[in-house]
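Below: one structure, written as structure tokens.
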Amino acid sequence: MPLNTVTINTKNKDSLFRFIFGAEENKKHLLSLYNAINNTHYTNLEDIEINTLSDVIYVRVKNDVSFILYSEMSLYEHQSTFNPNMPLRGMIYFSTLYAQFISENNVNIYSKTLVKIPTPRYIVFYNGNDSYPDKLELKLSDAFEAPDTSGHFEWTATMLNINKGHNQEIMNKCGALFQYSDFNAKVREFNQSMPLKKAINKAVDYAISNNYLDGFFKKHKEGIMHSCLTEFNEEAYRKGIREEGYNDGFNDGFHEAIVTIIQKLKNKDYG
């Protein structure tokens, strides 16, 4: 199916990342991204089996992009806000993906024969405002209340920073990822001097003038505008909630400290 038949649903909250790398019609971008990350040179698009979870079927369990390629099950998540809980979320996503795989392939997990399953690959693409290294390994064990260094129960999310100036080798190998990243950088740059909606519109025009993603931005400008406006507004909202929570926590803690000091003074309890 040609690219101009791709339909962006403006009624849902799918991200631009999912539009670009998760659509059946855009498998070439997904394969290019996979090759760039894994230093492979696969060319057959038909070998990719996209199995992204849909919230229509799995209520409140929807990932960004997942697919099976040559006995590997890859999960690609995009984050504009750093989330240390990505390993836990990934474990939940993969459990659902494996359950789906077992059902679709009539796998008998109660058999005496060892069941073979696709090897998991979990990548988180980060392009938020906070500073992080090119690569960061997030581990499920960091969340354990009782420390456990045995490695018996581990799930790792590899976070790749895709902001400008990071992971240049991967960017050079995957033009779609570079163009996606550059577009987001332009939105933030333009937003410094104009309202968000105008900044997105200007960034889309910039992408169109540079023929980013083979004309994708021109063909789907309205849908991209809607998607990005939703994404960046939600990003700002989450940032506001975090800052508000920090301030509330600081104020509450400061208040409690003052009350404690006053109480000690009243009781002449100096320590």
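Please note that chains go A, B, ... in the order of the structure tokens, that every chain numbers its residues from 1, and that ligands are numbered from 1 in the order shown.
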Quiz item: Hey, what's within 12 Å of Asn167 in chain A if we count only C-alpha atoms and toss same-chain stuff fewer than 2 positions away? As a ChimeraX atom specification, please?
Solution: /A:36-37,125-127,132-136,159-165,169-174,177-178,181
Export of prior selection with N, CA, C and O atoms as an mmCIF file, in the first residue's frame:
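File out01.cif, as written:
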```cif
data_model
loop_
_atom_site.group_PDB
_atom_site.id
_atom_site.type_symbol
_atom_site.label_atom_id
_atom_site.label_comp_id
_atom_site.auth_asym_id
_atom_site.auth_seq_id
_atom_site.Cartn_x
_atom_site.Cartn_y
_atom_site.Cartn_z
ATOM 1 N N ALA A 36 19.821 -0.159 12.309
ATOM 2 C CA ALA A 36 20.724 0.832 12.881
ATOM 3 C C ALA A 36 21.110 0.486 14.311
ATOM 4 O O ALA A 36 22.262 0.650 14.729
ATOM 5 N N ILE A 37 20.151 -0.026 15.074
ATOM 6 C CA ILE A 37 20.399 -0.358 16.483
ATOM 7 C C ILE A 37 21.208 -1.640 16.619
ATOM 8 O O ILE A 37 22.090 -1.752 17.479
ATOM 9 N N PHE A 125 13.203 4.966 23.575
ATOM 10 C CA PHE A 125 13.782 6.131 22.911
ATOM 11 C C PHE A 125 13.365 7.388 23.670
ATOM 12 O O PHE A 125 12.179 7.695 23.777
ATOM 13 N N TYR A 126 14.342 8.097 24.188
ATOM 14 C CA TYR A 126 14.067 9.278 25.016
ATOM 15 C C TYR A 126 14.445 10.558 24.282
ATOM 16 O O TYR A 126 15.558 10.676 23.765
ATOM 17 N N ASN A 127 13.513 11.510 24.234
ATOM 18 C CA ASN A 127 13.842 12.812 23.638
ATOM 19 C C ASN A 127 13.271 13.970 24.455
ATOM 20 O O ASN A 127 12.822 14.982 23.921
ATOM 21 N N TYR A 132 20.529 13.342 29.710
ATOM 22 C CA TYR A 132 20.865 11.945 29.985
ATOM 23 C C TYR A 132 21.930 11.499 28.987
ATOM 24 O O TYR A 132 22.056 12.081 27.909
ATOM 25 N N PRO A 133 22.709 10.482 29.331
ATOM 26 C CA PRO A 133 23.740 9.992 28.413
ATOM 27 C C PRO A 133 23.133 9.337 27.183
ATOM 28 O O PRO A 133 21.920 9.131 27.099
ATOM 29 N N ASP A 134 23.985 8.995 26.224
ATOM 30 C CA ASP A 134 23.507 8.338 25.002
ATOM 31 C C ASP A 134 22.733 7.067 25.319
ATOM 32 O O ASP A 134 21.705 6.782 24.697
ATOM 33 N N LYS A 135 23.237 6.304 26.280
ATOM 34 C CA LYS A 135 22.650 5.003 26.605
ATOM 35 C C LYS A 135 22.561 4.831 28.109
ATOM 36 O O LYS A 135 23.502 5.146 28.839
ATOM 37 N N LEU A 136 21.424 4.336 28.559
ATOM 38 C CA LEU A 136 21.214 4.119 29.988
ATOM 39 C C LEU A 136 20.459 2.809 30.187
ATOM 40 O O LEU A 136 19.425 2.595 29.557
ATOM 41 N N MET A 159 17.635 2.468 27.474
ATOM 42 C CA MET A 159 17.147 3.784 27.062
ATOM 43 C C MET A 159 18.187 4.470 26.182
ATOM 44 O O MET A 159 19.344 4.632 26.579
ATOM 45 N N LEU A 160 17.776 4.863 24.997
ATOM 46 C CA LEU A 160 18.652 5.568 24.056
ATOM 47 C C LEU A 160 18.195 7.015 23.939
ATOM 48 O O LEU A 160 17.021 7.286 23.654
ATOM 49 N N ASN A 161 19.095 7.921 24.176
ATOM 50 C CA ASN A 161 18.794 9.344 24.059
ATOM 51 C C ASN A 161 18.846 9.723 22.579
ATOM 52 O O ASN A 161 19.875 9.566 21.928
ATOM 53 N N ILE A 162 17.727 10.211 22.042
ATOM 54 C CA ILE A 162 17.686 10.549 20.615
ATOM 55 C C ILE A 162 17.574 12.054 20.407
ATOM 56 O O ILE A 162 17.114 12.519 19.357
ATOM 57 N N ASN A 163 17.991 12.830 21.403
ATOM 58 C CA ASN A 163 18.058 14.270 21.228
ATOM 59 C C ASN A 163 19.253 14.629 20.352
ATOM 60 O O ASN A 163 20.169 13.828 20.146
ATOM 61 N N LYS A 164 19.259 15.852 19.852
ATOM 62 C CA LYS A 164 20.328 16.325 18.984
ATOM 63 C C LYS A 164 21.685 16.185 19.668
ATOM 64 O O LYS A 164 21.850 16.566 20.825
ATOM 65 N N GLY A 165 22.648 15.609 18.943
ATOM 66 C CA GLY A 165 23.985 15.434 19.482
ATOM 67 C C GLY A 165 24.210 14.109 20.182
ATOM 68 O O GLY A 165 25.326 13.826 20.621
ATOM 69 N N GLU A 169 25.809 7.828 15.641
ATOM 70 C CA GLU A 169 26.014 6.685 14.753
ATOM 71 C C GLU A 169 24.686 6.065 14.332
ATOM 72 O O GLU A 169 24.475 5.729 13.163
ATOM 73 N N ILE A 170 23.782 5.918 15.306
ATOM 74 C CA ILE A 170 22.458 5.369 14.997
ATOM 75 C C ILE A 170 21.689 6.329 14.092
ATOM 76 O O ILE A 170 21.008 5.918 13.139
ATOM 77 N N MET A 171 21.778 7.623 14.395
ATOM 78 C CA MET A 171 21.096 8.635 13.579
ATOM 79 C C MET A 171 21.587 8.590 12.130
ATOM 80 O O MET A 171 20.800 8.710 11.188
ATOM 81 N N ASN A 172 22.891 8.432 11.963
ATOM 82 C CA ASN A 172 23.461 8.394 10.610
ATOM 83 C C ASN A 172 22.966 7.180 9.821
ATOM 84 O O ASN A 172 22.824 7.238 8.597
ATOM 85 N N LYS A 173 22.693 6.090 10.536
ATOM 86 C CA LYS A 173 22.250 4.861 9.874
ATOM 87 C C LYS A 173 20.746 4.846 9.605
ATOM 88 O O LYS A 173 20.280 4.141 8.716
ATOM 89 N N CYS A 174 20.002 5.602 10.394
ATOM 90 C CA CYS A 174 18.541 5.608 10.251
ATOM 91 C C CYS A 174 18.054 7.038 10.030
ATOM 92 O O CYS A 174 17.864 7.796 10.983
ATOM 93 N N LEU A 177 14.796 8.142 11.909
ATOM 94 C CA LEU A 177 14.943 8.500 13.315
ATOM 95 C C LEU A 177 15.542 9.894 13.452
ATOM 96 O O LEU A 177 15.092 10.693 14.281
ATOM 97 N N PHE A 178 16.542 10.204 12.640
ATOM 98 C CA PHE A 178 17.146 11.535 12.677
ATOM 99 C C PHE A 178 16.105 12.603 12.351
ATOM 100 O O PHE A 178 16.017 13.638 13.021
ATOM 101 N N SER A 181 13.638 13.031 15.160
ATOM 102 C CA SER A 181 14.281 13.725 16.276
ATOM 103 C C SER A 181 14.466 15.200 15.968
ATOM 104 O O SER A 181 14.219 16.070 16.814
#
```
Near range 101-111 of chain A, counting only C-alpha atoms, which residues have an atom at most 12 Å away, once you skip same-chain residues fewer than 2 positions from it, shown as an mmCIF file with N, CA and C atoms, in the first residue's frame?
```
data_model
loop_
_atom_site.group_PDB
_atom_site.id
_atom_site.type_symbol
_atom_site.label_atom_id
_atom_site.label_comp_id
_atom_site.auth_asym_id
_atom_site.auth_seq_id
_atom_site.Cartn_x
_atom_site.Cartn_y
_atom_site.Cartn_z
ATOM 1 N N GLU A 49 6.945 -8.968 11.452
ATOM 2 C CA GLU A 49 5.565 -9.211 11.902
ATOM 3 C C GLU A 49 5.249 -8.240 13.030
ATOM 4 N N ILE A 50 4.523 -7.183 12.712
ATOM 5 C CA ILE A 50 4.162 -6.190 13.723
ATOM 6 C C ILE A 50 3.055 -6.748 14.607
ATOM 7 N N ASN A 51 3.278 -6.700 15.926
ATOM 8 C CA ASN A 51 2.284 -7.238 16.864
ATOM 9 C C ASN A 51 1.976 -6.243 17.980
ATOM 10 N N THR A 52 2.028 -4.965 17.662
ATOM 11 C CA THR A 52 1.768 -3.913 18.637
ATOM 12 C C THR A 52 0.415 -4.104 19.307
ATOM 13 N N LEU A 53 0.394 -3.939 20.614
ATOM 14 C CA LEU A 53 -0.845 -4.109 21.371
ATOM 15 C C LEU A 53 -1.775 -2.926 21.144
ATOM 16 N N PHE A 67 7.272 -5.899 17.487
ATOM 17 C CA PHE A 67 7.293 -6.717 16.283
ATOM 18 C C PHE A 67 8.220 -7.906 16.474
ATOM 19 N N ILE A 68 8.016 -8.911 15.632
ATOM 20 C CA ILE A 68 8.859 -10.108 15.634
ATOM 21 C C ILE A 68 9.646 -10.133 14.337
ATOM 22 N N SER A 71 13.107 -14.485 14.971
ATOM 23 C CA SER A 71 13.098 -15.096 16.310
ATOM 24 C C SER A 71 13.410 -14.109 17.435
ATOM 25 N N MET A 73 11.669 -10.758 19.534
ATOM 26 C CA MET A 73 10.496 -9.922 19.752
ATOM 27 C C MET A 73 10.978 -8.588 20.317
ATOM 28 N N PHE A 94 5.470 -7.261 27.771
ATOM 29 C CA PHE A 94 5.968 -8.501 27.204
ATOM 30 C C PHE A 94 5.144 -9.702 27.658
ATOM 31 N N SER A 95 4.656 -9.679 28.889
ATOM 32 C CA SER A 95 3.834 -10.802 29.345
ATOM 33 C C SER A 95 2.569 -10.908 28.493
ATOM 34 N N THR A 96 2.013 -9.741 28.127
ATOM 35 C CA THR A 96 0.833 -9.729 27.266
ATOM 36 C C THR A 96 1.191 -10.159 25.843
ATOM 37 N N LEU A 97 2.337 -9.697 25.356
ATOM 38 C CA LEU A 97 2.785 -10.068 24.010
ATOM 39 C C LEU A 97 3.051 -11.570 23.906
ATOM 40 N N TYR A 98 3.683 -12.127 24.951
ATOM 41 C CA TYR A 98 3.951 -13.561 24.936
ATOM 42 C C TYR A 98 2.660 -14.368 25.053
ATOM 43 N N ALA A 99 1.727 -13.886 25.855
ATOM 44 C CA ALA A 99 0.431 -14.570 25.954
ATOM 45 C C ALA A 99 -0.259 -14.574 24.592
ATOM 46 N N THR A 113 8.075 -30.860 26.702
ATOM 47 C CA THR A 113 9.090 -30.323 25.791
ATOM 48 C C THR A 113 9.281 -28.828 26.051
ATOM 49 N N LEU A 114 10.538 -28.378 26.061
ATOM 50 C CA LEU A 114 10.823 -26.968 26.286
ATOM 51 C C LEU A 114 10.239 -26.130 25.158
ATOM 52 N N VAL A 115 9.433 -25.167 25.521
ATOM 53 C CA VAL A 115 8.810 -24.275 24.547
ATOM 54 C C VAL A 115 9.802 -23.177 24.173
ATOM 55 N N LYS A 116 9.956 -22.951 22.883
ATOM 56 C CA LYS A 116 10.829 -21.893 22.400
ATOM 57 C C LYS A 116 10.011 -20.644 22.084
ATOM 58 N N ILE A 117 10.487 -19.509 22.559
ATOM 59 C CA ILE A 117 9.801 -18.243 22.329
ATOM 60 C C ILE A 117 10.784 -17.219 21.756
ATOM 61 N N PRO A 118 10.279 -16.186 21.084
ATOM 62 C CA PRO A 118 11.171 -15.150 20.537
ATOM 63 C C PRO A 118 11.960 -14.462 21.654
#
```
Quiz item: Could you pull out the alpha helix (DSSP H) residues of range 45-271 of chain A from DSSP and send them as a PyMOL selection string?
Solution: chain A and resi 86-104+168-173+175-190+196-209+216-219+221-267
Quiz item: Residues at most 8 Å from Phe21 in chain A, counting only C-alpha atoms, excluding those fewer than 5 positions away in the same chain, as JSON, numbers by chain?
Solution: {"A": [26, 27, 29, 30, 65]}
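The residue that comes closest to Tyr180 in chain A, out of A:Asn85, A:Asn44, A:Thr158, A:Asn211 and on the basis of only C-alpha atoms, is A:Asn211.
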Quiz item: Taking only C-alpha atoms into account, which of A:Tyr70, A:Phe217, A:Phe144, A:Tyr76 comes nearest Thr119 in chain A?
Solution: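 For Thr119 in chain A, the nearest of the given residues is A:Tyr70.
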Practice problem: For Gly151 in chain A, work out the shell of residues within 10 Å, counting only C-alpha atoms and skipping chain neighbours fewer than 4 positions away, then give it as a ChimeraX atom specification. | Solution: /A:140-141,155
Store the residues picked out above, limited to N, CA, C and O atoms, as a PDB file, in the first residue's frame.
```
ATOM      1  N   LEU A 140      14.897  -3.676  36.392  1.00  0.00           N
ATOM      2  CA  LEU A 140      13.762  -3.944  37.267  1.00  0.00           C
ATOM      3  C   LEU A 140      14.208  -4.091  38.717  1.00  0.00           C
ATOM      4  O   LEU A 140      13.522  -3.665  39.635  1.00  0.00           O
ATOM      5  N   SER A 141      15.385  -4.665  38.934  1.00  0.00           N
ATOM      6  CA  SER A 141      15.869  -4.914  40.291  1.00  0.00           C
ATOM      7  C   SER A 141      16.071  -3.625  41.083  1.00  0.00           C
ATOM      8  O   SER A 141      16.081  -3.637  42.316  1.00  0.00           O
ATOM      9  N   TRP A 155      14.769  -7.584  34.508  1.00  0.00           N
ATOM     10  CA  TRP A 155      14.191  -7.150  33.246  1.00  0.00           C
ATOM     11  C   TRP A 155      14.775  -5.785  32.949  1.00  0.00           C
ATOM     12  O   TRP A 155      14.636  -4.862  33.745  1.00  0.00           O
TER      13      TRP A 155
END
```
Would you kindly return, as a short mmCIF file (atom, residue, chain, number, x, y, z; two decimals) with all heavy atoms, in the first residue's frame, each protein, DNA or RNA residue with an atom no farther than 8 Å from any atom of Ala176 in chain A, considering only C-alpha atoms and excluding same-chain residues fewer than 5 positions away?
```cif
data_model
loop_
_atom_site.label_atom_id
_atom_site.label_comp_id
_atom_site.auth_asym_id
_atom_site.auth_seq_id
_atom_site.Cartn_x
_atom_site.Cartn_y
_atom_site.Cartn_z
N HIS A 29 10.78 2.14 7.52
CA HIS A 29 11.36 2.95 8.59
C HIS A 29 11.68 2.09 9.80
O HIS A 29 12.72 2.26 10.45
CB HIS A 29 10.40 4.06 9.00
CG HIS A 29 10.09 5.04 7.91
ND1 HIS A 29 11.04 5.47 7.01
CD2 HIS A 29 8.93 5.67 7.57
CE1 HIS A 29 10.50 6.33 6.16
NE2 HIS A 29 9.21 6.47 6.48
N SER A 32 14.72 -0.05 9.05
CA SER A 32 15.91 0.80 9.08
C SER A 32 16.34 1.08 10.51
O SER A 32 17.54 1.06 10.83
CB SER A 32 15.62 2.12 8.35
OG SER A 32 16.69 3.02 8.50
N LEU A 33 15.37 1.31 11.39
CA LEU A 33 15.67 1.57 12.80
C LEU A 33 16.25 0.33 13.47
O LEU A 33 17.23 0.41 14.21
CB LEU A 33 14.39 2.01 13.52
CG LEU A 33 14.51 2.38 15.00
CD1 LEU A 33 15.55 3.47 15.21
CD2 LEU A 33 13.15 2.81 15.54
N TYR A 212 11.15 15.60 4.68
CA TYR A 212 11.36 14.59 5.71
C TYR A 212 10.38 13.44 5.53
O TYR A 212 9.20 13.64 5.24
CB TYR A 212 11.19 15.21 7.09
CG TYR A 212 12.46 15.88 7.62
CD1 TYR A 212 13.59 16.02 6.82
CD2 TYR A 212 12.53 16.37 8.92
CE1 TYR A 212 14.74 16.62 7.29
CE2 TYR A 212 13.69 16.97 9.41
CZ TYR A 212 14.79 17.09 8.59
OH TYR A 212 15.93 17.69 9.05
N LEU A 213 10.89 12.24 5.72
CA LEU A 213 10.10 11.00 5.65
C LEU A 213 9.36 10.87 4.31
O LEU A 213 8.21 10.43 4.26
CB LEU A 213 9.12 10.92 6.82
CG LEU A 213 9.76 10.91 8.21
CD1 LEU A 213 8.69 11.04 9.29
CD2 LEU A 213 10.57 9.64 8.42
#
```
Quiz item: DSSP on the backbone: what in range 44-260 of chain A comes out strand (DSSP E or B), as number ranges by chain?
Solution: A: 49-50, 65-69, 72-79, 119-126, 135-139, 156-161
Write the residues of the selection above to a file with C-alpha atoms, as a short mmCIF file (atom, residue, chain, number, x, y, z; two decimals), in the first residue's frame.
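New file out_36.cif:
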```cif
data_model
loop_
_atom_site.label_atom_id
_atom_site.label_comp_id
_atom_site.auth_asym_id
_atom_site.auth_seq_id
_atom_site.Cartn_x
_atom_site.Cartn_y
_atom_site.Cartn_z
CA GLU A 49 5.56 -9.21 11.90
CA ILE A 50 4.16 -6.19 13.72
CA VAL A 65 5.68 -0.45 18.61
CA SER A 66 6.40 -4.16 18.93
CA PHE A 67 7.29 -6.72 16.28
CA ILE A 68 8.86 -10.11 15.63
CA LEU A 69 11.83 -10.42 13.30
CA GLU A 72 13.39 -11.81 18.21
CA MET A 73 10.50 -9.92 19.75
CA SER A 74 11.36 -6.23 19.90
CA LEU A 75 9.50 -3.61 21.88
CA TYR A 76 10.21 0.05 21.06
CA GLU A 77 8.81 2.67 23.42
CA HIS A 78 9.10 6.45 23.04
CA GLN A 79 9.30 8.73 26.08
CA THR A 119 14.06 -13.48 22.34
CA PRO A 120 12.99 -10.15 23.90
CA ARG A 121 14.63 -6.86 22.90
CA TYR A 122 13.45 -3.78 24.76
CA ILE A 123 14.46 -0.26 23.70
CA VAL A 124 13.19 3.05 25.08
CA PHE A 125 13.78 6.13 22.91
CA TYR A 126 14.07 9.28 25.02
CA LYS A 135 22.65 5.00 26.60
CA LEU A 136 21.21 4.12 29.99
CA GLU A 137 20.35 0.67 31.33
CA LEU A 138 17.23 0.68 33.52
CA LYS A 139 16.81 -2.48 35.59
CA THR A 156 16.19 -4.46 31.52
CA ALA A 157 15.11 -1.49 29.45
CA THR A 158 17.84 0.06 27.32
CA MET A 159 17.15 3.78 27.06
CA LEU A 160 18.65 5.57 24.06
CA ASN A 161 18.79 9.34 24.06
#
```
Practice problem: Find the residues around range 14-18 of chain A up to 7 Å (only C-alpha atoms counted), leave out those fewer than 6 positions away in its own chain, and share them as JSON, numbers by chain. | Solution: {"A": [64, 65, 78, 224, 227, 228, 231]}
Self-check item: Nearest to His220 in chain A, chosen from A:Phe232, A:Leu88, A:Leu196, A:Asp205, with only C-alpha atoms counted in the distances
Solution: A:Asp205
Quiz item: By how many Å are CA of Thr43 in chain A and CA of Asp182 in chain A apart?
Solution: 25.2 Å
